[in-house]
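Note sheet for the following structure.
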Amino acid sequence: MSDTTAGASAAPNADERLAYRGVFQRALVRPEIGAAIGAVAVWVFFWAVSVKFGQASGAQSILDQAAAPLGIMAVAVALLMIGGEFDLSSGAATGALGILTILLVRDVAGEAAGAGFSLWVALPISLLAALGLGWWNGFLVNRTSLPSFIVTLGSFFVLKGAKLGFSKLIVDQIQVGKLDDLAIYAEENGVSDKGYGLLDKVFAGEWIRNEHVWDSRDWVYSIGTLAGLTLVVLAVYEFHFRRKDVMNPTGLIGVVVGIALGLAGVWQLHNTDGAGANTIGAALIGAGMLVGFIGWGVWRYAPHTQSGTTAGRPDGVTAPLIAGVICFVAAILVGTWMDAQNGEDLTEAFDLGGGTSLAIAIVVALVAMIWSAGTGGAAAGNVIGSAISAAAAAALGEARARVISTGIVAILATLGFLNLSTEQGARAIIFIALTGAAFVSLITAATRSRRHSDRAGSALLLLTSVALVVMAFFVQSESSAPKFRAEAFSFMLAFAAIMAVWAIANTRFEVRRFTDTSADTTARNMLLSAVLLIVVGMVARLGWVTTEEAEVGGSIVKYSVRILWFLGFTAVVSWVLARTRFGSWTFAVGGNKEAARQVGVPAARTKTQLFMVVSAAAWLVGVLLAFRLNTIQASTGDGEEFEYIIAAVVGGTALTGGYGSTIGAGIGALIMAMAVQGIPSARWNSDWRFVFVGGILLLAVVANNYIRTKAESAR
Amino acid sequence: MSDTPLLELENISKFYGNIIALQGVTTEVRAGQVTCVLGDNGAGKSTFIKILAGVHEHSEGTFKLEGQEVNFKNPREALNAGIAAVYQDLAMVPLMSVWRNFFLGSEPTKGVWPLEWIDKAEAKRIAKEEMAKMGIDIRDTEQPVGTLSGGERQSVAIARAVYFGAKVLILDEPTSALGVKQSGVVLRYVVEAARRGLGVIFITHNPNHAYPVGDRFVILNRGQSMGNFAKEDISQNELTSLMAGGAELEALQHEIAQAQNS
């Protein structure tokens with residue numbers, strides 16, 4: 001045979017077959033990015049339809065709701081799911097461990113609440129019980145090799161029954177309380193409070209915002225967030241463009257001028273008031289961005305060399321472009337019309353009764369599904385199927401994504417329009433839907449034409465940013481809520497400026513098409529500092545009041561320490577997952593258990609430890625609940641395990657195991673908290689909130705899945 | 001090359017109750033050489049690997065590792081003695097990155113317990129280096145293994161076995177699921193591993209793959225050893241016909257010819 005030395009002739013080179021992936025593609029394959037984008041979208045949506053979301057009290061209630069029990073448990077459950085297992089007993093366990101803790105500090109025989117164990121004894125005992133529960137779940141799953149779904153379902157019912165049974169048996173009530181009897185008992189009998197005072201601060205301490213005055217807070221806030229956002233953009237530049245061999249220091253002049261202009265803009269925003277002054281401030285910041293970003297590019301990146309256009313028209317650009325323009329015009333028209341109708345209750349005009357509206361919803365959904373499933377119907381389907389379906393359809397281009405998401409969104413949008421909404425809500429839904437569809441379509445058109453030539457892509461992107469500016473001015477002149485008006489206006493202008501500068505930069509600097517580890521590291525560090533700066537800015541803004549605000553008074557905002565527990569727990573678990581052997585083994589046992597075992601990973605032990613992490617988290621949540629509520633119902637936590645799983649899935653964790661993110665699960669919990677908080681604060685009928693939660697779940701999973709496959713395949 | 005072979009097998013047999021799974025296999029594996037085990041489906045190849053890798057114990061015969069008679073009770077023992085098996089399913093976790101797969105189960109760590117973390121930079125550097133030694137330049141070791149081609153995945157598994165101190169490498173049908181070109185790539189790794197001083201046992205049912213790389217051939221048929229040949233004693237055609245049961249193949253050709261003629 002002549003091909004005997006086929007291998008010896010040519011050295012195989014993986015690089016030739018491994019195309020370089022750009023910054024956006026690399027970002028999209030990360031499981032938590034989809035969730036983060038979703039969280040921002042949901043937040044913006046509710047921010048537009050309700051006043052509360054833009055305020056500290058809104059942030060407080062979202063964070064509090066997200067933190068515990070949902071967030072902490074979602075993070076632990078996501079870890080377990082990455083390891084390929086489920087724990088359906090995790091919800092019931094939170095209540096059970098809280099009840100156990102309270103029972104331990106009661107003196108059962110003496111009937112005197114608070115005469116039992118000290119908390120220093122009770123907490124370790126209940127933690128041990130929790131770890132035992134997790135060990136037992138893991139042991140059963142490993143030993144029987146049955147699906148954990150069914151094994152832990154058994155544990156769930158046992159716990160549910162035990163909670164009720166023991167509560168009735170011991171205190172003869174369906175609730176167990178009260179933890180703060182410890183303090184009362186201590187005072188009455190002149191004994192120690194057995195750790196209650198200290199531990200109450202640890203588990204249920206509060207930071208009362210209104211009591212903390214800090215006058216330069218807004219400076220920290222504006223400079224922190226603006227510098228952070230700028231750094232994010234610069235990090236994207238660093239990821240995206242090719243570095244020069246020799247830096248050109250002239251560009252630094254631009255950077256300095258840009259920073260100066262930006263600071264001037266911030267100063268202007270701070271020290272003057274009124275729409276005109278805001279516009280000047282925003283204009284200064286925008287000019288600062290232009291000069292600064294371009295200067296940064298001149299300093300660091302190689303000039304653009306790729307020559308002009310390829311012949312022919314770029315593919316797939318016309319349809320989204322037309323759809324975008326149609327949606328844009330429609331949004332403006334609808335906005336104007338609604339404003340003309342201001343004062344009339346739109347819901348009354350459309351109040352057709354439950355049956356009829358449901359029928360209409362289903363018909364609209366079906367029509368949209370059928371329509372958008374057909375080829376060529378994409379543009380029409382976009383308009384009918386409203387924003388998110390258009391986003392999915394235009395961006396993903398997958399027939400099935402179109403069908404599913406169009407259907408879901410059509411049902412939701414129709415239900416929302418006919419049943420949930422107030423007038424403001426109705427307007428917001430339609431307006432935001434059309435605007436969103438318009439911009440997603442325009443950006444899709446720009447992205448697709450970039451494949452053709454950088455110049456064409458940049459031209460379309462510039463067009464998009466001009467459209468955004470028009471929209472910003474439209475919002476400012478037409479919107480009825482002044483608060484929303486000012487914030488939305490500056491936000492949209494800033495975004496338009498970033499987009500425009502990005503478009504220009506793409507025609508001036510050379511895109512990097514190879515891996516540059518040093519540039520990637522720099523960019524990653526910039527992103528990290530950016531996040532830090534934004535967090536500092538936000539914490540300042542949310543945690544303190546100015547003298548002026550303190551004098552006005554307003555609602556008292558109290559942050560519970562459980563938010564810190566949530567953030568800390570998420571951080572620790574995420575570090576463990578990303579950086580330790582245990583984390584690596586978690587991915588391995590979830591991804592391919594047999595393979596993991598073959599190379600010496602203790603698969604059974606790893607799974608048992610994962611179950612123990614979940615039950616330890618349930619213990620933490622149970623204790624947090626006990627200190628917050630003092631009394632725990634026998635039914636506490638029952639059925640919540642599915643919410644944890646939903647949050648994990650919304651955060652990008654795969655149900656099949658081996659893939660996911662604990663940070664994503666935390667963000668998923670935030671999204672769910674926003675949905676739960678947002679509906680009442682938008683003054684919608686909260687009876688329908690689970691329709692919304694369900695819709696978010698489906699959309700998140702569909703979007704995550706398609707974004708991932710799209711990003712994976714488009715390398 | 002030293003005179004004692006790495007592995008020396010004499011009349012190895014395996015019985016499951018009254019079923020004879022393997023009988024009278026004799027061969028040797030020397031450092032820097034490739035011993036091919038050929039056989040059709042059901043010939044006893046899997047049983048043979050499992051004995052070598054410590055999954056099963058042999059029923060009869062002698063099994064010598066570096067001149068010492070051994071009898072492995074479990075795969076761990078075999079692995080510790082330096083016999084690493086790369087199975088068809090590759091023992092890879094497709095969604096995990098190359099470097100994580102490379103070090104899975106034996107990750108290098110920094111810090112002290114309980115604050116012990118993976119030395120990521122070191123792990124990535126070693127993974128890249130070891131892959132480069134196999135002739136593969138993986139720029140991004142963060143790439144999920146699932147995105148690699150079949151041949152590259154094999155090479156990760158082989159490089160891992162080599163790095164973790166294997167003296168004898170058992171490759172179970174590494175080319176059976178691959179295309180012509182990919183098979184060529186893997187065969188190159190087989191030769192490369194042998195060149196680096198390992199004894200390689202290459203199990204296949206394809207004599208076209210075995211002959212070019214092998215130094216010694218063992219042919220199995222229905223659990224029986226059909227012989228143990230050094231390369232110079234056998235031609236590729238002889239190998240092919242022996243493996244297919246020689247006479248049977250001729251009869252088959254005859255039959256087909258008749259069927260076509262009629």
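We name chains A, B, ... following the order of the structure tokens; residues begin at 1 in each chain, and ligands are numbered from 1 as shown.
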Next item on the list: For chain A, work out the contacting residues on chain B at 9 Å, counting only C-alpha atoms, and write them as a PyMOL selection string.
Entry: chain B and resi 75-76+89-96+100-101+104-109+115-120+135-140+147-148+152+181-189+208-209+211-213+236
Notebook entry, point to check: If you run DSSP on this backbone, which residues of segment 23-172 of chain B come out as strand (DSSP E), and could you give them as a ChimeraX atom specification?
Noted result: /B:23-29,34-39,60-65,68-69,83-86,109-112,115-118,168-172
Next item on the list: Extract the full set of alpha helix (DSSP H) residues from segment 560-667 of chain A according to DSSP on the backbone, and format it as a PyMOL selection string.
Entry: chain A and resi 562-579+581-591+593-598+603-629+641-650+662-667
What does the file look like for those residues with C-alpha atoms, as a PDB file, in the first residue's frame?
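Output contents, as saved in result_8.pdb:
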ATOM      1  CA  ARG A 562     -28.911  38.153  53.403  1.00  0.00           C
ATOM      2  CA  ILE A 563     -27.941  39.993  50.215  1.00  0.00           C
ATOM      3  CA  LEU A 564     -24.318  39.719  51.325  1.00  0.00           C
ATOM      4  CA  TRP A 565     -24.798  36.049  52.131  1.00  0.00           C
ATOM      5  CA  PHE A 566     -26.175  35.572  48.632  1.00  0.00           C
ATOM      6  CA  LEU A 567     -23.327  37.427  46.941  1.00  0.00           C
ATOM      7  CA  GLY A 568     -20.711  35.744  49.100  1.00  0.00           C
ATOM      8  CA  PHE A 569     -22.142  32.290  48.563  1.00  0.00           C
ATOM      9  CA  THR A 570     -22.352  32.839  44.803  1.00  0.00           C
ATOM     10  CA  ALA A 571     -18.782  34.094  44.696  1.00  0.00           C
ATOM     11  CA  VAL A 572     -17.397  31.191  46.727  1.00  0.00           C
ATOM     12  CA  VAL A 573     -19.313  28.518  44.820  1.00  0.00           C
ATOM     13  CA  SER A 574     -18.365  30.063  41.484  1.00  0.00           C
ATOM     14  CA  TRP A 575     -14.711  30.139  42.494  1.00  0.00           C
ATOM     15  CA  VAL A 576     -14.880  26.533  43.604  1.00  0.00           C
ATOM     16  CA  LEU A 577     -16.526  25.548  40.324  1.00  0.00           C
ATOM     17  CA  ALA A 578     -14.046  27.399  38.153  1.00  0.00           C
ATOM     18  CA  ARG A 579     -10.815  26.921  40.007  1.00  0.00           C
ATOM     19  CA  ARG A 581     -10.434  20.117  41.434  1.00  0.00           C
ATOM     20  CA  PHE A 582     -13.857  19.643  42.954  1.00  0.00           C
ATOM     21  CA  GLY A 583     -15.249  22.074  40.380  1.00  0.00           C
ATOM     22  CA  SER A 584     -13.528  20.302  37.533  1.00  0.00           C
ATOM     23  CA  TRP A 585     -14.833  16.982  38.784  1.00  0.00           C
ATOM     24  CA  THR A 586     -18.330  18.423  39.032  1.00  0.00           C
ATOM     25  CA  PHE A 587     -18.275  19.260  35.343  1.00  0.00           C
ATOM     26  CA  ALA A 588     -16.787  15.854  34.617  1.00  0.00           C
ATOM     27  CA  VAL A 589     -19.314  13.722  36.516  1.00  0.00           C
ATOM     28  CA  GLY A 590     -22.128  15.701  34.932  1.00  0.00           C
ATOM     29  CA  GLY A 591     -20.661  15.627  31.444  1.00  0.00           C
ATOM     30  CA  LYS A 593     -19.508  10.081  34.440  1.00  0.00           C
ATOM     31  CA  GLU A 594     -17.925   6.937  33.057  1.00  0.00           C
ATOM     32  CA  ALA A 595     -15.095   8.821  31.433  1.00  0.00           C
ATOM     33  CA  ALA A 596     -14.476  10.700  34.654  1.00  0.00           C
ATOM     34  CA  ARG A 597     -14.341   7.484  36.628  1.00  0.00           C
ATOM     35  CA  GLN A 598     -11.924   5.906  34.165  1.00  0.00           C
ATOM     36  CA  ALA A 603     -17.498  10.072  40.821  1.00  0.00           C
ATOM     37  CA  ALA A 604     -19.722   8.761  43.601  1.00  0.00           C
ATOM     38  CA  ARG A 605     -17.967  10.821  46.262  1.00  0.00           C
ATOM     39  CA  THR A 606     -18.183  13.956  44.141  1.00  0.00           C
ATOM     40  CA  LYS A 607     -21.914  13.500  43.643  1.00  0.00           C
ATOM     41  CA  THR A 608     -22.502  12.915  47.342  1.00  0.00           C
ATOM     42  CA  GLN A 609     -20.560  16.076  48.152  1.00  0.00           C
ATOM     43  CA  LEU A 610     -22.675  18.003  45.656  1.00  0.00           C
ATOM     44  CA  PHE A 611     -25.837  16.861  47.406  1.00  0.00           C
ATOM     45  CA  MET A 612     -24.272  17.955  50.678  1.00  0.00           C
ATOM     46  CA  VAL A 613     -23.532  21.411  49.267  1.00  0.00           C
ATOM     47  CA  VAL A 614     -27.200  21.753  48.337  1.00  0.00           C
ATOM     48  CA  SER A 615     -28.436  20.702  51.760  1.00  0.00           C
ATOM     49  CA  ALA A 616     -25.889  22.962  53.467  1.00  0.00           C
ATOM     50  CA  ALA A 617     -27.299  25.803  51.373  1.00  0.00           C
ATOM     51  CA  ALA A 618     -30.774  24.744  52.486  1.00  0.00           C
ATOM     52  CA  TRP A 619     -29.544  24.980  56.075  1.00  0.00           C
ATOM     53  CA  LEU A 620     -28.242  28.494  55.474  1.00  0.00           C
ATOM     54  CA  VAL A 621     -31.535  29.524  53.914  1.00  0.00           C
ATOM     55  CA  GLY A 622     -33.498  27.881  56.743  1.00  0.00           C
ATOM     56  CA  VAL A 623     -31.476  29.798  59.333  1.00  0.00           C
ATOM     57  CA  LEU A 624     -31.836  33.059  57.388  1.00  0.00           C
ATOM     58  CA  LEU A 625     -35.608  32.491  57.296  1.00  0.00           C
ATOM     59  CA  ALA A 626     -35.739  31.613  60.993  1.00  0.00           C
ATOM     60  CA  PHE A 627     -33.974  34.837  61.987  1.00  0.00           C
ATOM     61  CA  ARG A 628     -35.989  36.935  59.557  1.00  0.00           C
ATOM     62  CA  LEU A 629     -39.431  35.530  60.299  1.00  0.00           C
ATOM     63  CA  GLU A 641     -37.395  23.436  44.393  1.00  0.00           C
ATOM     64  CA  PHE A 642     -38.789  23.973  40.907  1.00  0.00           C
ATOM     65  CA  GLU A 643     -38.195  27.695  41.191  1.00  0.00           C
ATOM     66  CA  TYR A 644     -34.558  26.983  42.026  1.00  0.00           C
ATOM     67  CA  ILE A 645     -34.301  24.756  38.979  1.00  0.00           C
ATOM     68  CA  ILE A 646     -35.995  27.395  36.815  1.00  0.00           C
ATOM     69  CA  ALA A 647     -33.584  30.065  38.017  1.00  0.00           C
ATOM     70  CA  ALA A 648     -30.642  27.768  37.287  1.00  0.00           C
ATOM     71  CA  VAL A 649     -31.952  27.006  33.806  1.00  0.00           C
ATOM     72  CA  VAL A 650     -32.698  30.651  33.068  1.00  0.00           C
ATOM     73  CA  THR A 662     -23.480  29.374  39.110  1.00  0.00           C
ATOM     74  CA  ILE A 663     -23.154  33.109  38.476  1.00  0.00           C
ATOM     75  CA  GLY A 664     -25.780  32.597  35.784  1.00  0.00           C
ATOM     76  CA  ALA A 665     -28.043  30.927  38.344  1.00  0.00           C
ATOM     77  CA  GLY A 666     -27.676  33.981  40.578  1.00  0.00           C
ATOM     78  CA  ILE A 667     -28.644  36.198  37.649  1.00  0.00           C
TER      79      ILE A 667
END
Could you name the residues that touch segment 522-539 of chain A at 8 Å or less, counting only C-alpha atoms, but leaving out those on the same chain fewer than 6 positions away, as a PDB file with C-alpha atoms, in the first residue's frame?
ATOM      1  CA  VAL A 220     -18.733  58.394  43.311  1.00  0.00           C
ATOM      2  CA  TYR A 221     -21.785  57.023  41.554  1.00  0.00           C
ATOM      3  CA  SER A 222     -21.430  58.950  38.304  1.00  0.00           C
ATOM      4  CA  ILE A 223     -17.684  58.681  38.011  1.00  0.00           C
ATOM      5  CA  GLY A 224     -17.659  55.039  39.094  1.00  0.00           C
ATOM      6  CA  THR A 225     -20.342  53.905  36.663  1.00  0.00           C
ATOM      7  CA  LEU A 226     -19.189  56.108  33.794  1.00  0.00           C
ATOM      8  CA  ALA A 227     -15.559  55.091  34.208  1.00  0.00           C
ATOM      9  CA  GLY A 228     -16.722  51.492  34.498  1.00  0.00           C
ATOM     10  CA  LEU A 229     -18.808  51.655  31.338  1.00  0.00           C
ATOM     11  CA  THR A 230     -15.952  53.365  29.504  1.00  0.00           C
ATOM     12  CA  LEU A 231     -13.595  50.621  30.613  1.00  0.00           C
ATOM     13  CA  VAL A 232     -16.069  48.003  29.377  1.00  0.00           C
ATOM     14  CA  LEU A 234     -12.251  49.917  25.957  1.00  0.00           C
ATOM     15  CA  ALA A 235     -11.967  46.276  26.987  1.00  0.00           C
ATOM     16  CA  VAL A 236     -14.140  45.345  24.016  1.00  0.00           C
ATOM     17  CA  GLU A 238      -8.815  45.572  23.269  1.00  0.00           C
ATOM     18  CA  PHE A 239     -10.478  42.232  22.531  1.00  0.00           C
TER      19      PHE A 239
END
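Interatomic distance, atom CA of Leu284 of chain A to atom CA of Gly265 of chain A: 4.9 Å.
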Item checked: Distance in Å - atom CA of Val511 of chain A versus atom CA of Pro303 of chain A -> 9.1 Å
